[in-house]
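Colleague: So I've got this file, work-v7.cif, and it contains mmCIF, C-alpha atoms:
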data_input
#
loop_
_atom_site.label_atom_id
_atom_site.label_comp_id
_atom_site.auth_asym_id
_atom_site.auth_seq_id
_atom_site.Cartn_x
_atom_site.Cartn_y
_atom_site.Cartn_z
CA MET A 1043 -7.79 -7.82 0.78
CA LEU A 1044 -5.46 -10.30 2.45
CA ARG A 1045 -7.79 -10.48 5.41
CA ARG A 1046 -10.60 -11.32 3.03
CA ILE A 1047 -8.56 -14.11 1.46
CA ALA A 1048 -7.54 -15.31 4.91
CA ALA A 1049 -11.17 -15.45 5.90
CA ARG A 1050 -12.70 -16.87 2.73
CA GLY A 1051 -10.04 -18.20 0.34
CA THR A 1052 -9.13 -21.80 -0.45
CA ALA A 1053 -6.71 -23.55 1.95
CA PRO A 1054 -3.45 -22.68 0.09
CA GLN A 1055 -4.69 -19.10 -0.50
CA ARG A 1056 -5.47 -18.80 3.20
CA GLU A 1057 -2.04 -20.02 4.22
CA ALA A 1058 -0.26 -17.63 1.91
CA ALA A 1059 -2.41 -14.74 2.99
CA LEU A 1060 -1.99 -15.45 6.68
CA GLU A 1061 1.79 -15.74 6.26
CA THR A 1062 1.94 -12.41 4.49
CA LEU A 1063 -0.27 -10.86 7.11
CA ALA A 1064 2.01 -12.18 9.87
CA THR A 1065 5.32 -11.03 8.38
CA ASP A 1066 4.29 -7.48 7.80
CA GLN A 1067 2.37 -7.23 11.06
CA THR A 1068 5.14 -5.27 12.83
CA MET A 1069 5.47 -2.64 10.15
CA ARG A 1070 1.73 -2.50 9.87
CA LEU A 1071 1.32 -1.87 13.57
CA ALA A 1072 3.71 1.05 13.46
CA ARG A 1073 1.83 2.61 10.56
CA ALA A 1074 -1.62 1.67 11.72
CA THR A 1075 -2.34 4.35 14.29
CA HIS A 1076 -1.09 7.11 12.07
CA GLU A 1077 -2.98 5.83 9.04
CA LEU A 1078 -6.19 5.36 10.93
CA LEU A 1079 -6.11 8.86 12.30
CA GLU A 1080 -5.32 10.24 8.88
CA ALA A 1081 -8.01 8.24 7.15
CA ARG A 1082 -10.55 9.44 9.69
CA ALA A 1083 -9.46 13.03 9.40
CA HIS A 1084 -9.49 13.00 5.59
CA ARG A 1085 -12.53 10.95 4.77
CA GLY A 1086 -14.35 10.36 8.02
CA LEU A 1087 -13.81 6.64 7.61
CA LEU A 1088 -12.72 4.01 10.01
CA SER A 1089 -11.77 0.47 9.07
CA VAL A 1090 -12.60 -2.19 11.59
CA PRO A 1091 -11.32 -5.76 11.30
CA ALA A 1092 -14.48 -7.68 12.19
CA THR A 1093 -17.94 -7.35 10.65
CA ALA A 1094 -19.13 -4.84 13.22
CA LYS A 1095 -21.31 -1.84 12.49
CA GLN A 1096 -19.78 1.56 13.11
CA ARG A 1097 -22.50 4.16 12.69
CA THR A 1098 -22.60 7.86 13.46
CA VAL A 1099 -25.60 10.11 12.93
CA TYR A 1100 -25.07 13.85 12.51
CA ASP A 1101 -27.56 16.71 12.61
CA ALA A 1102 -27.08 19.53 10.08
CA GLN A 1103 -29.61 21.61 12.04
CA ASN A 1104 -31.30 22.69 8.81
CA THR A 1105 -28.10 24.05 7.27
CA GLU A 1106 -26.37 22.58 4.21
CA THR A 1107 -23.08 22.06 6.03
CA LEU A 1108 -21.78 18.50 6.22
CA PRO A 1109 -21.52 16.50 8.33
CA GLY A 1110 -23.01 18.68 11.11
CA LEU A 1111 -23.21 17.99 14.82
CA SER A 1112 -22.59 14.39 15.96
CA VAL A 1113 -25.74 13.28 17.81
CA ARG A 1114 -25.69 9.48 17.96
CA ALA A 1115 -22.75 7.09 17.90
CA GLU A 1116 -22.68 3.30 17.62
CA GLY A 1117 -24.30 1.62 20.58
CA SER A 1118 -25.75 4.74 22.14
CA PRO A 1119 -29.46 4.79 23.05
CA PRO A 1120 -32.21 6.23 20.82
CA LEU A 1121 -32.82 9.97 20.85
CA ALA A 1122 -36.07 11.92 20.99
CA ASP A 1123 -35.45 12.84 17.33
CA ILE A 1124 -37.25 10.40 15.01
CA GLU A 1125 -35.11 11.18 11.91
CA SER A 1126 -31.87 10.39 13.79
CA ASN A 1127 -33.26 7.06 14.98
CA GLU A 1128 -34.63 6.08 11.58
CA ALA A 1129 -31.29 6.88 9.95
CA TYR A 1130 -29.40 4.91 12.61
CA ASP A 1131 -31.72 1.92 12.28
CA GLY A 1132 -31.74 2.09 8.48
CA LEU A 1133 -27.95 2.08 8.27
CA GLY A 1134 -27.97 -0.86 10.67
CA ALA A 1135 -30.56 -2.87 8.73
CA THR A 1136 -28.63 -2.30 5.48
CA PHE A 1137 -25.33 -3.31 7.07
CA ASP A 1138 -26.94 -6.43 8.60
CA PHE A 1139 -28.45 -7.44 5.27
CA PHE A 1140 -25.20 -7.27 3.30
CA ALA A 1141 -23.20 -8.88 6.13
CA GLY A 1142 -25.75 -11.60 6.92
CA VAL A 1143 -26.72 -12.54 3.36
CA TYR A 1144 -23.62 -11.89 1.23
CA ASP A 1145 -20.88 -11.80 3.90
CA ARG A 1146 -20.12 -8.21 2.91
CA ASN A 1147 -18.44 -6.04 5.52
CA SER A 1148 -20.17 -2.68 4.94
CA VAL A 1149 -20.40 -0.58 1.77
CA ASP A 1150 -16.76 -1.14 0.72
CA ASP A 1151 -16.49 -4.70 2.18
CA GLU A 1152 -13.73 -3.34 4.39
CA GLY A 1153 -15.79 -2.15 7.33
CA LEU A 1154 -16.49 1.38 6.16
CA HIS A 1155 -17.81 3.51 8.99
CA LEU A 1156 -21.40 4.46 8.10
CA ASP A 1157 -22.20 8.13 8.56
CA ALA A 1158 -25.51 9.87 7.99
CA THR A 1159 -26.57 13.49 8.28
CA VAL A 1160 -30.23 14.25 9.04
CA HIS A 1161 -32.11 17.59 8.97
CA TYR A 1162 -30.06 18.68 5.96
CA GLY A 1163 -31.21 22.04 4.57
CA ARG A 1164 -34.64 23.56 4.91
CA ARG A 1165 -37.69 21.67 3.65
CA TYR A 1166 -35.14 19.71 1.65
CA ASP A 1167 -36.80 17.24 -0.73
CA ASN A 1168 -34.08 14.68 -1.28
CA ALA A 1169 -31.68 12.09 0.07
CA PHE A 1170 -28.35 11.06 -1.44
CA TRP A 1171 -25.04 9.26 -0.88
CA ASN A 1172 -22.28 11.77 -1.58
CA GLY A 1173 -19.57 9.15 -2.00
CA GLN A 1174 -18.70 9.26 1.69
CA GLN A 1175 -21.91 9.52 3.67
CA MET A 1176 -25.71 9.62 3.62
CA VAL A 1177 -27.60 12.90 3.51
CA PHE A 1178 -31.32 13.19 4.39
CA GLY A 1179 -33.64 16.15 4.00
CA ASP A 1180 -36.76 16.71 6.12
CA GLY A 1181 -39.03 17.01 3.08
CA ASP A 1182 -41.22 20.04 2.43
CA GLY A 1183 -44.22 18.58 4.29
CA ASP A 1184 -46.36 19.47 1.26
CA LEU A 1185 -45.41 16.66 -1.14
CA PHE A 1186 -42.76 14.81 0.81
CA ASN A 1187 -42.41 13.56 4.37
CA ARG A 1188 -39.01 13.11 6.01
CA PHE A 1189 -36.59 11.17 3.78
CA THR A 1190 -35.63 8.74 6.54
CA ILE A 1191 -39.17 7.32 6.56
CA SER A 1192 -38.58 4.44 4.09
CA LEU A 1193 -36.00 1.78 4.83
CA ASP A 1194 -35.75 0.95 1.12
CA VAL A 1195 -34.76 4.54 0.34
CA ILE A 1196 -31.95 4.42 2.92
CA ALA A 1197 -30.79 1.08 1.54
CA HIS A 1198 -31.12 2.40 -2.03
CA GLU A 1199 -28.69 5.21 -1.23
CA LEU A 1200 -26.16 3.00 0.55
CA THR A 1201 -26.26 0.56 -2.36
CA HIS A 1202 -25.01 3.40 -4.59
CA GLY A 1203 -21.92 3.19 -2.38
CA VAL A 1204 -21.66 -0.58 -2.96
CA THR A 1205 -22.02 -0.15 -6.73
CA GLY A 1206 -19.41 2.62 -6.71
CA ASP A 1207 -17.04 0.28 -4.89
CA GLU A 1208 -17.69 -2.76 -7.11
CA ALA A 1209 -18.78 -2.29 -10.74
CA GLY A 1210 -18.42 1.51 -10.68
CA LEU A 1211 -21.23 1.80 -13.22
CA VAL A 1212 -21.16 5.29 -14.73
CA TYR A 1213 -24.22 7.33 -13.88
CA LEU A 1214 -25.35 7.89 -17.42
CA GLY A 1215 -27.58 6.15 -19.95
CA GLN A 1216 -28.05 2.39 -19.62
CA ALA A 1217 -25.12 1.95 -17.20
CA GLY A 1218 -26.67 4.69 -15.06
CA ALA A 1219 -30.11 3.05 -15.23
CA LEU A 1220 -28.45 -0.24 -14.13
CA ASN A 1221 -26.80 1.66 -11.28
CA GLU A 1222 -30.23 2.98 -10.26
CA SER A 1223 -31.88 -0.41 -10.68
CA ILE A 1224 -29.29 -2.14 -8.48
CA SER A 1225 -30.04 0.41 -5.76
CA ASP A 1226 -33.78 -0.28 -6.09
CA VAL A 1227 -33.25 -4.05 -6.11
CA PHE A 1228 -31.14 -4.15 -2.96
CA GLY A 1229 -33.15 -1.33 -1.40
CA SER A 1230 -36.22 -3.51 -1.69
CA LEU A 1231 -34.34 -6.66 -0.59
CA VAL A 1232 -33.09 -4.95 2.60
CA LYS A 1233 -36.72 -4.19 3.48
CA GLN A 1234 -37.87 -7.72 2.59
CA TYR A 1235 -35.05 -9.23 4.68
CA ALA A 1236 -35.89 -7.02 7.67
CA ARG A 1237 -39.55 -8.08 7.42
CA GLY A 1238 -38.84 -11.72 6.58
CA GLU A 1239 -41.00 -11.54 3.44
CA THR A 1240 -41.01 -13.86 0.44
CA ALA A 1241 -41.04 -12.57 -3.14
CA GLU A 1242 -44.81 -13.14 -3.22
CA GLU A 1243 -45.44 -11.27 0.03
CA ALA A 1244 -43.27 -8.21 -0.68
CA ASP A 1245 -44.79 -4.92 -1.92
CA TRP A 1246 -41.80 -4.25 -4.25
CA LEU A 1247 -42.27 -0.50 -3.74
CA ILE A 1248 -39.50 2.05 -3.30
CA GLY A 1249 -40.33 4.92 -0.97
CA ALA A 1250 -43.72 3.86 0.37
CA GLY A 1251 -44.71 6.43 3.01
CA LEU A 1252 -42.53 9.18 1.56
CA PHE A 1253 -45.41 11.05 -0.08
CA THR A 1254 -47.75 13.13 2.07
CA ALA A 1255 -51.52 12.64 1.90
CA ASN A 1256 -51.61 15.51 -0.68
CA VAL A 1257 -50.02 13.30 -3.33
CA LYS A 1258 -51.94 10.84 -5.47
CA GLY A 1259 -49.54 7.94 -5.34
CA VAL A 1260 -48.21 5.12 -3.18
CA ALA A 1261 -44.45 5.35 -3.70
CA LEU A 1262 -41.60 6.61 -5.92
CA ARG A 1263 -41.37 3.42 -7.96
CA SER A 1264 -42.69 -0.11 -8.22
CA LEU A 1265 -40.55 -3.05 -9.34
CA LYS A 1266 -43.66 -5.17 -9.66
CA ALA A 1267 -45.55 -2.70 -11.85
CA PRO A 1268 -43.27 0.08 -13.15
CA GLY A 1269 -45.18 3.17 -14.27
CA THR A 1270 -47.97 2.82 -11.68
CA ALA A 1271 -46.44 4.26 -8.48
CA TYR A 1272 -48.00 7.73 -8.75
CA ASP A 1273 -50.18 9.90 -10.96
CA ASP A 1274 -50.44 13.36 -9.45
CA PRO A 1275 -51.34 16.86 -10.74
CA VAL A 1276 -48.09 18.37 -9.39
CA LEU A 1277 -45.61 15.48 -9.70
CA GLY A 1278 -46.97 14.17 -12.97
CA ARG A 1279 -47.24 10.48 -13.75
CA ASP A 1280 -44.70 7.75 -12.94
CA PRO A 1281 -42.73 7.60 -16.23
CA GLN A 1282 -41.10 4.19 -15.79
CA PRO A 1283 -41.35 1.63 -18.59
CA ALA A 1284 -41.53 -2.07 -17.67
CA ALA A 1285 -40.04 -3.32 -20.95
CA MET A 1286 -37.69 -2.29 -23.79
CA SER A 1287 -40.69 -1.39 -25.97
CA GLY A 1288 -41.18 1.60 -23.66
CA TYR A 1289 -37.49 2.61 -23.44
CA VAL A 1290 -37.23 6.39 -23.10
CA LYS A 1291 -34.58 8.33 -25.01
CA THR A 1292 -33.87 11.57 -23.18
CA SER A 1293 -31.01 13.89 -22.26
CA THR A 1294 -32.50 14.86 -18.89
CA ASP A 1295 -31.81 13.02 -15.63
CA ASN A 1296 -28.45 11.78 -16.95
CA GLY A 1297 -30.17 10.05 -19.83
CA GLY A 1298 -33.24 8.87 -17.94
CA VAL A 1299 -31.45 6.86 -15.24
CA HIS A 1300 -34.51 6.97 -12.95
CA THR A 1301 -36.86 6.18 -15.84
CA ASN A 1302 -35.32 3.30 -17.77
CA SER A 1303 -34.28 1.58 -14.52
CA GLY A 1304 -37.88 0.30 -14.58
CA ILE A 1305 -36.83 -2.27 -17.21
CA PRO A 1306 -34.07 -4.08 -15.24
CA ASN A 1307 -36.15 -3.54 -12.07
CA HIS A 1308 -39.03 -5.47 -13.55
CA ALA A 1309 -36.71 -8.21 -14.86
CA PHE A 1310 -35.44 -8.69 -11.31
CA TYR A 1311 -38.96 -8.85 -9.93
CA LEU A 1312 -39.96 -11.45 -12.53
CA ALA A 1313 -36.86 -13.56 -11.82
CA ALA A 1314 -37.44 -13.35 -8.04
CA VAL A 1315 -41.08 -14.42 -8.32
CA ALA A 1316 -40.21 -17.24 -10.74
CA LEU A 1317 -37.52 -18.52 -8.36
CA GLY A 1318 -39.80 -18.15 -5.35
CA GLY A 1319 -39.04 -18.00 -1.65
CA HIS A 1320 -36.86 -15.24 -0.20
CA ALA A 1321 -35.74 -13.07 -3.11
CA TRP A 1322 -32.32 -12.37 -1.59
CA GLU A 1323 -31.34 -16.05 -1.61
CA LYS A 1324 -31.30 -16.76 -5.35
CA ALA A 1325 -32.26 -13.76 -7.50
CA GLY A 1326 -30.49 -11.35 -5.13
CA ARG A 1327 -27.38 -13.52 -4.98
CA ILE A 1328 -27.22 -13.74 -8.79
CA TRP A 1329 -27.54 -9.95 -9.11
CA TYR A 1330 -24.99 -9.37 -6.34
CA GLU A 1331 -22.44 -11.70 -7.94
CA THR A 1332 -23.02 -9.95 -11.27
CA LEU A 1333 -22.36 -6.58 -9.65
CA ARG A 1334 -19.05 -8.02 -8.40
CA ASP A 1335 -18.28 -9.78 -11.69
CA LYS A 1336 -14.97 -8.52 -13.08
CA ARG A 1337 -16.32 -8.87 -16.63
CA LEU A 1338 -18.96 -6.22 -15.98
CA LYS A 1339 -17.75 -2.92 -17.44
CA ARG A 1340 -18.39 0.53 -16.00
CA THR A 1341 -20.29 1.34 -19.17
CA ALA A 1342 -22.33 -1.89 -19.25
CA THR A 1343 -25.52 -2.05 -21.28
CA PHE A 1344 -28.72 -3.80 -20.21
CA MET A 1345 -27.87 -6.67 -22.58
CA GLN A 1346 -24.37 -7.16 -21.13
CA PHE A 1347 -25.64 -7.07 -17.57
CA ALA A 1348 -28.45 -9.49 -18.44
CA ARG A 1349 -26.02 -11.96 -20.03
CA TYR A 1350 -23.84 -12.01 -16.91
CA THR A 1351 -26.84 -12.60 -14.68
CA VAL A 1352 -27.75 -15.60 -16.85
CA ALA A 1353 -24.16 -16.89 -16.69
CA ASN A 1354 -24.04 -16.39 -12.93
CA ALA A 1355 -27.40 -18.12 -12.47
CA THR A 1356 -25.83 -21.20 -14.06
CA HIS A 1357 -22.53 -20.82 -12.21
CA PHE A 1358 -23.94 -20.33 -8.72
CA PHE A 1359 -27.11 -22.39 -9.05
CA GLY A 1360 -28.14 -24.43 -12.10
CA LYS A 1361 -30.30 -24.96 -15.16
CA ALA A 1362 -33.64 -24.13 -13.56
CA GLU A 1363 -32.28 -20.80 -12.26
CA ARG A 1364 -30.72 -20.01 -15.62
CA LYS A 1365 -34.08 -20.59 -17.27
CA ALA A 1366 -35.90 -18.38 -14.78
CA VAL A 1367 -33.44 -15.50 -15.17
CA ALA A 1368 -33.29 -15.72 -18.98
CA GLY A 1369 -37.09 -15.88 -19.03
CA ALA A 1370 -37.38 -12.75 -16.86
CA TRP A 1371 -35.13 -10.76 -19.20
CA ALA A 1372 -36.96 -12.07 -22.27
CA ALA A 1373 -40.25 -10.87 -20.75
CA VAL A 1374 -38.91 -7.28 -20.64
CA GLY A 1375 -37.63 -7.54 -24.22
CA ILE A 1376 -33.99 -8.52 -23.62
CA LYS A 1377 -32.92 -11.80 -25.20
CA ALA A 1378 -29.95 -12.68 -23.03
CA GLY A 1379 -29.71 -16.43 -23.17
CA MET B 918 -34.38 39.94 -17.56
CA ARG B 919 -35.85 36.50 -18.14
CA ILE B 920 -34.76 33.35 -16.32
CA GLU B 921 -35.47 29.81 -17.38
CA PHE B 922 -35.07 27.31 -14.58
CA ARG B 923 -35.15 23.54 -14.60
CA MET B 924 -34.65 20.90 -11.92
CA ASP B 925 -33.31 17.48 -12.83
CA GLY B 926 -32.68 14.26 -11.01
CA GLY B 927 -33.01 13.71 -7.30
CA ILE B 928 -34.13 10.39 -5.90
CA ALA B 929 -36.74 9.97 -8.63
CA ALA B 930 -37.65 11.55 -11.97
CA PHE B 931 -40.87 13.51 -11.47
CA PRO B 932 -42.10 14.77 -14.84
CA GLY B 933 -44.16 17.50 -13.15
CA LEU B 934 -41.17 18.91 -11.26
CA ALA B 935 -38.72 18.53 -14.15
CA LYS B 936 -40.68 20.84 -16.45
CA PRO B 937 -38.76 24.06 -17.02
CA VAL B 938 -40.33 27.25 -15.70
CA SER B 939 -39.81 30.67 -17.20
CA ILE B 940 -39.65 33.69 -14.91
CA ASP B 941 -40.15 37.10 -16.49
CA CYS B 942 -38.52 39.42 -13.99
CA GLU B 943 -40.20 42.53 -15.43
CA ALA B 944 -43.62 41.04 -14.71
CA LEU B 945 -42.83 40.61 -11.00
CA PRO B 946 -43.42 43.21 -8.27
CA PRO B 947 -40.44 45.66 -8.24
CA ALA B 948 -39.08 44.43 -4.92
CA GLU B 949 -38.92 40.84 -6.18
CA THR B 950 -37.32 41.92 -9.45
CA ALA B 951 -34.63 43.78 -7.54
CA ARG B 952 -34.06 40.81 -5.27
CA LEU B 953 -33.67 38.38 -8.19
CA ARG B 954 -31.39 40.80 -10.06
CA SER B 955 -29.11 41.17 -7.07
CA LEU B 956 -28.98 37.40 -6.52
CA VAL B 957 -28.10 36.82 -10.19
CA GLU B 958 -25.39 39.48 -9.95
CA ARG B 959 -24.00 38.16 -6.69
CA ALA B 960 -23.84 34.63 -8.15
CA GLY B 961 -22.02 36.10 -11.15
CA ILE B 962 -24.02 34.01 -13.59
CA LEU B 963 -23.39 36.26 -16.59
CA SER B 964 -19.64 36.51 -15.96
CA ARG B 965 -19.05 32.96 -14.72
CA ARG B 966 -16.47 30.96 -16.59
CA HIS B 967 -17.43 27.59 -17.98
CA ARG B 968 -16.03 24.83 -15.86
CA LYS B 969 -16.08 21.18 -16.71
CA SER B 970 -18.70 19.57 -14.54
CA ALA B 971 -17.79 16.78 -12.14
CA PRO B 972 -19.18 13.27 -12.74
CA PRO B 973 -22.78 13.11 -11.51
CA THR B 974 -23.46 12.04 -7.92
CA PRO B 975 -26.25 9.43 -7.76
CA ASP B 976 -29.60 10.95 -6.78
CA ALA B 977 -28.17 14.46 -6.42
CA ARG B 978 -30.38 17.13 -7.98
CA ALA B 979 -29.10 19.33 -10.77
CA TYR B 980 -30.43 22.77 -11.72
CA THR B 981 -30.17 24.44 -15.09
CA ILE B 982 -30.37 28.22 -14.97
CA ALA B 983 -30.59 30.17 -18.22
CA VAL B 984 -30.42 33.94 -17.85
CA ASP B 985 -31.31 36.25 -20.72
CA ASP B 986 -30.63 39.88 -19.88
CA GLY B 987 -31.19 42.10 -22.89
CA GLY B 988 -29.16 40.03 -25.33
CA GLN B 989 -26.62 38.81 -22.80
CA CYS B 990 -27.36 35.12 -22.34
CA ARG B 991 -25.84 32.51 -20.13
CA THR B 992 -26.75 28.94 -19.17
CA LEU B 993 -25.35 27.24 -16.13
CA THR B 994 -25.90 23.80 -14.60
CA VAL B 995 -25.20 23.27 -10.91
CA THR B 996 -25.37 20.02 -8.97
CA GLU B 997 -26.12 19.61 -5.29
CA PRO B 998 -24.64 19.94 -2.77
CA ILE B 999 -23.86 23.51 -3.89
CA ALA B 1000 -20.75 24.81 -2.17
CA ASP B 1001 -21.04 28.40 -3.44
CA ASP B 1002 -23.25 30.47 -1.07
CA ALA B 1003 -24.40 32.95 -3.69
CA LEU B 1004 -25.37 30.18 -6.14
CA ARG B 1005 -27.18 28.29 -3.40
CA ASP B 1006 -29.20 31.38 -2.45
CA LEU B 1007 -30.12 31.97 -6.08
CA VAL B 1008 -31.23 28.36 -6.55
CA ALA B 1009 -33.35 28.55 -3.37
CA GLU B 1010 -35.03 31.73 -4.64
CA LEU B 1011 -35.65 30.26 -8.10
CA ARG B 1012 -37.07 27.10 -6.54
CA ALA B 1013 -39.50 29.18 -4.51
CA HIS B 1014 -40.64 30.94 -7.72
CA ALA B 1015 -40.94 27.62 -9.56
CA ASP B 1016 -42.96 26.09 -6.71
CA ALA B 1017 -45.31 29.08 -6.70
CA LEU B 1018 -45.78 28.79 -10.46
CA ARG B 1019 -46.63 25.10 -10.04
CA GLY B 1020 -49.14 25.86 -7.31
CA ARG B 1021 -47.10 24.35 -4.51
CA ARG B 1022 -47.16 25.82 -1.03
#
Show this structure as structure tokens.
Modeller:
Amino acid sequence: MLRRIAARGTAPQREAALETLATDQTMRLARATHELLEARAHRGLLSVPATAKQRTVYDAQNTETLPGLSVRAEGSPPLADIESNEAYDGLGATFDFFAGVYDRNSVDDEGLHLDATVHYGRRYDNAFWNGQQMVFGDGDGDLFNRFTISLDVIAHELTHGVTGDEAGLVYLGQAGALNESISDVFGSLVKQYARGETAEEADWLIGAGLFTANVKGVALRSLKAPGTAYDDPVLGRDPQPAAMSGYVKTSTDNGGVHTNSGIPNHAFYLAAVALGGHAWEKAGRIWYETLRDKRLKRTATFMQFARYTVANATHFFGKAERKAVAGAWAAVGIKAG
Amino acid sequence: MRIEFRMDGGIAAFPGLAKPVSIDCEALPPAETARLRSLVERAGILSRRHRKSAPPTPDARAYTIAVDDGGQCRTLTVTEPIADDALRDLVAELRAHADALRGRR
């Protein structure tokens, strides 16, 4: 915290922070080694002072035991194993995006060590962030390929860690759908940033390449056209609405968190295209600042979130941006400004 | 014994995979019935105490298992990762049955 102020605060804030840092340096030093070792042992975390990536990839060897065998540490060369390399590169691309665009030092903005386990379980059809690390299944090979295949899926999962650290949006109902949407938004932006794409050029898909050739579909979700990503005899049809008129009331999937996220997803897409250029520069920044906005409650509704994005568009940019963001929300049926 | 099994969540909501499947154990070959019965017993579904569930982990899958055994009924929801070996084995077996019923390999 003090380091952050020292690095980014106003001049008087910096001075005060640096002074405080200096006076308790001795005590800190004495505690540091012990604390670091303890933190690592308890949570597998390691804080590093500078914005440097600290990645470790583990191999569960098709068991469900975490984290598994350590196979690749920061700076070590690629392995023969494609999943390990994709996980390593995906963690790196996500870290680089948040550090390079929003000056964020890892998931917790305090240099959290990024861990990922690959080859989790047998024919395991999922990937998730368990609060401490990434977990990737190999997929069943029938419907799903390996879950490390899409950079936006890796970034989606890590963004759940960012949201948990910032707004802490509860994973239920509209707050849960916002939580999901934020992961899709930054998941897509990480991919766009890595490819250097503009809002117009981007595919706005989440999980392209994840389905095998057996599935009739292109991806898990589309921010550009929610509800059109797949239509398959086994998986069913992409259930995402693109506007409030299609809002789904359900008790499954924590109140439809993966379904109704289509609404804020599409609002972001519309705002990004209206603002033009690289989506992470304006639309992404507005969404990121809203995620960090202290006014945003853990139980936020779509309307509350939308209003803060409109306020932050004005605060960080200006009238034209405010108009674009308010217009995007209005187009999905949310009158936020 | 009849088991109703449903999968929820995961990285996306797939309507086709979220549909509950019903497994009538008496209609299965005897060896499979015995296997399912022993897994249900080992997991202690019918005698398991209700515990308050932890807050949901983003993108983790949840399974709802409803067992009806001659009037004795019990419904349980478990979220991945599943720490309990017996429960994990039961879920794996039920998933295999559900996949077969949906025509998946």
Colleague: If you measure from atom CA of B:Ala979 to atom CA of A:Asp1184, what distance in Å do you get, rounded to one decimal?
Modeller: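 We find that atom CA of B:Ala979 and atom CA of A:Asp1184 lie 21.0 Å from each other.
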Colleague: Could you check how far atom CA of A:Ser1148 sits from atom CA of A:Ser1225, in Å to one decimal?
Modeller: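 Atom-to-atom, atom CA of A:Ser1148 and atom CA of A:Ser1225 are spaced 14.9 Å apart.
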Colleague: Selected by the PyMOL selection byres ((chain A) within 6 of (chain B)) in the shown coordinates: which residues, as number ranges by chain?
Modeller: A: 1170, 1276-1278, 1295, 1300
Colleague: Please, what distance in Å, to one decimal, runs between atom CA of B:Gly987 and atom CA of A:Thr1294?
Modeller: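 Atom-to-atom, atom CA of B:Gly987 and atom CA of A:Thr1294 are spaced 27.6 Å apart.
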Colleague: Evaluate the PyMOL selection byres ((chain A and resi 1355) around 9) on the structure here and hand back the selected residues as number ranges by chain.
Modeller: A: 1324-1325, 1327-1329, 1350-1354, 1356-1367
Colleague: Listed atoms of stretch 1269-1283 of chain A, axis-aligned box, 4 Å per side: centre and edge lengths to one decimal in Å, as AutoDock Vina command-line options?
Modeller:
--center_x -46.2 --center_y 10.0 --center_z -13.5 --size_x 18.2 --size_y 24.7 --size_z 18.1
Colleague: Tell me, as an mmCIF file with C-alpha atoms, in the frame of the given file, which residues lie within 10 Å of B:Arg959, counting only C-alpha atoms; anything in the same chain fewer than 2 positions away does not count.
Modeller:
data_model
loop_
_atom_site.group_PDB
_atom_site.id
_atom_site.type_symbol
_atom_site.label_atom_id
_atom_site.label_comp_id
_atom_site.auth_asym_id
_atom_site.auth_seq_id
_atom_site.Cartn_x
_atom_site.Cartn_y
_atom_site.Cartn_z
ATOM 1 C CA LEU B 953 -33.670 38.380 -8.190
ATOM 2 C CA ARG B 954 -31.390 40.800 -10.060
ATOM 3 C CA SER B 955 -29.110 41.170 -7.070
ATOM 4 C CA LEU B 956 -28.980 37.400 -6.520
ATOM 5 C CA VAL B 957 -28.100 36.820 -10.190
ATOM 6 C CA GLY B 961 -22.020 36.100 -11.150
ATOM 7 C CA ILE B 962 -24.020 34.010 -13.590
ATOM 8 C CA ASP B 1002 -23.250 30.470 -1.070
ATOM 9 C CA ALA B 1003 -24.400 32.950 -3.690
ATOM 10 C CA LEU B 1004 -25.370 30.180 -6.140
ATOM 11 C CA ASP B 1006 -29.200 31.380 -2.450
ATOM 12 C CA LEU B 1007 -30.120 31.970 -6.080
#
Colleague: I'd like the contact shell of stretch 1333-1347 of chain A - 12 Å cut-off, all atoms listed in the file, skipping same-chain residues fewer than 5 positions apart - returned as a ChimeraX atom specification.
Modeller: /A:1144,1146,1150-1151,1201-1202,1204-1221,1223-1225,1227-1228,1285-1286,1289,1302-1307,1309-1310,1326-1328,1352-1354,1357,1367-1368,1371-1372,1374-1379
Colleague: From the set B:Val1008, B:Ala960, B:Val995, B:Ala1015, which residue has the shortest atom-to-atom contact distance to B:Asp941, counting all atoms listed in the file?
Modeller: B:Ala1015
Colleague: Counting all atoms listed in the file, what is within 10 Å of stretch 1110-1119 of chain A, bar same-chain residues fewer than 5 positions away, as a ChimeraX atom specification?
Modeller: /A:1094-1105,1126-1127,1130,1134,1155-1162
Colleague: Name the residues that the PyMOL selection byres ((chain B and resi 982) around 7) picks from the file above, as a ChimeraX atom specification, using the file's chain letters and numbers.
Modeller: /B:920-923,980-981,983-984,992-994
Colleague: With a distance cut-off of 10 Å and all atoms listed in the file, select the neighbouring residues of B:Leu1018, excluding the residue or stretch itself and same-chain residues fewer than 5 positions from it, and output the selection as a VMD selection string.
Modeller: chain B and resid 938 to 940 1012 to 1013
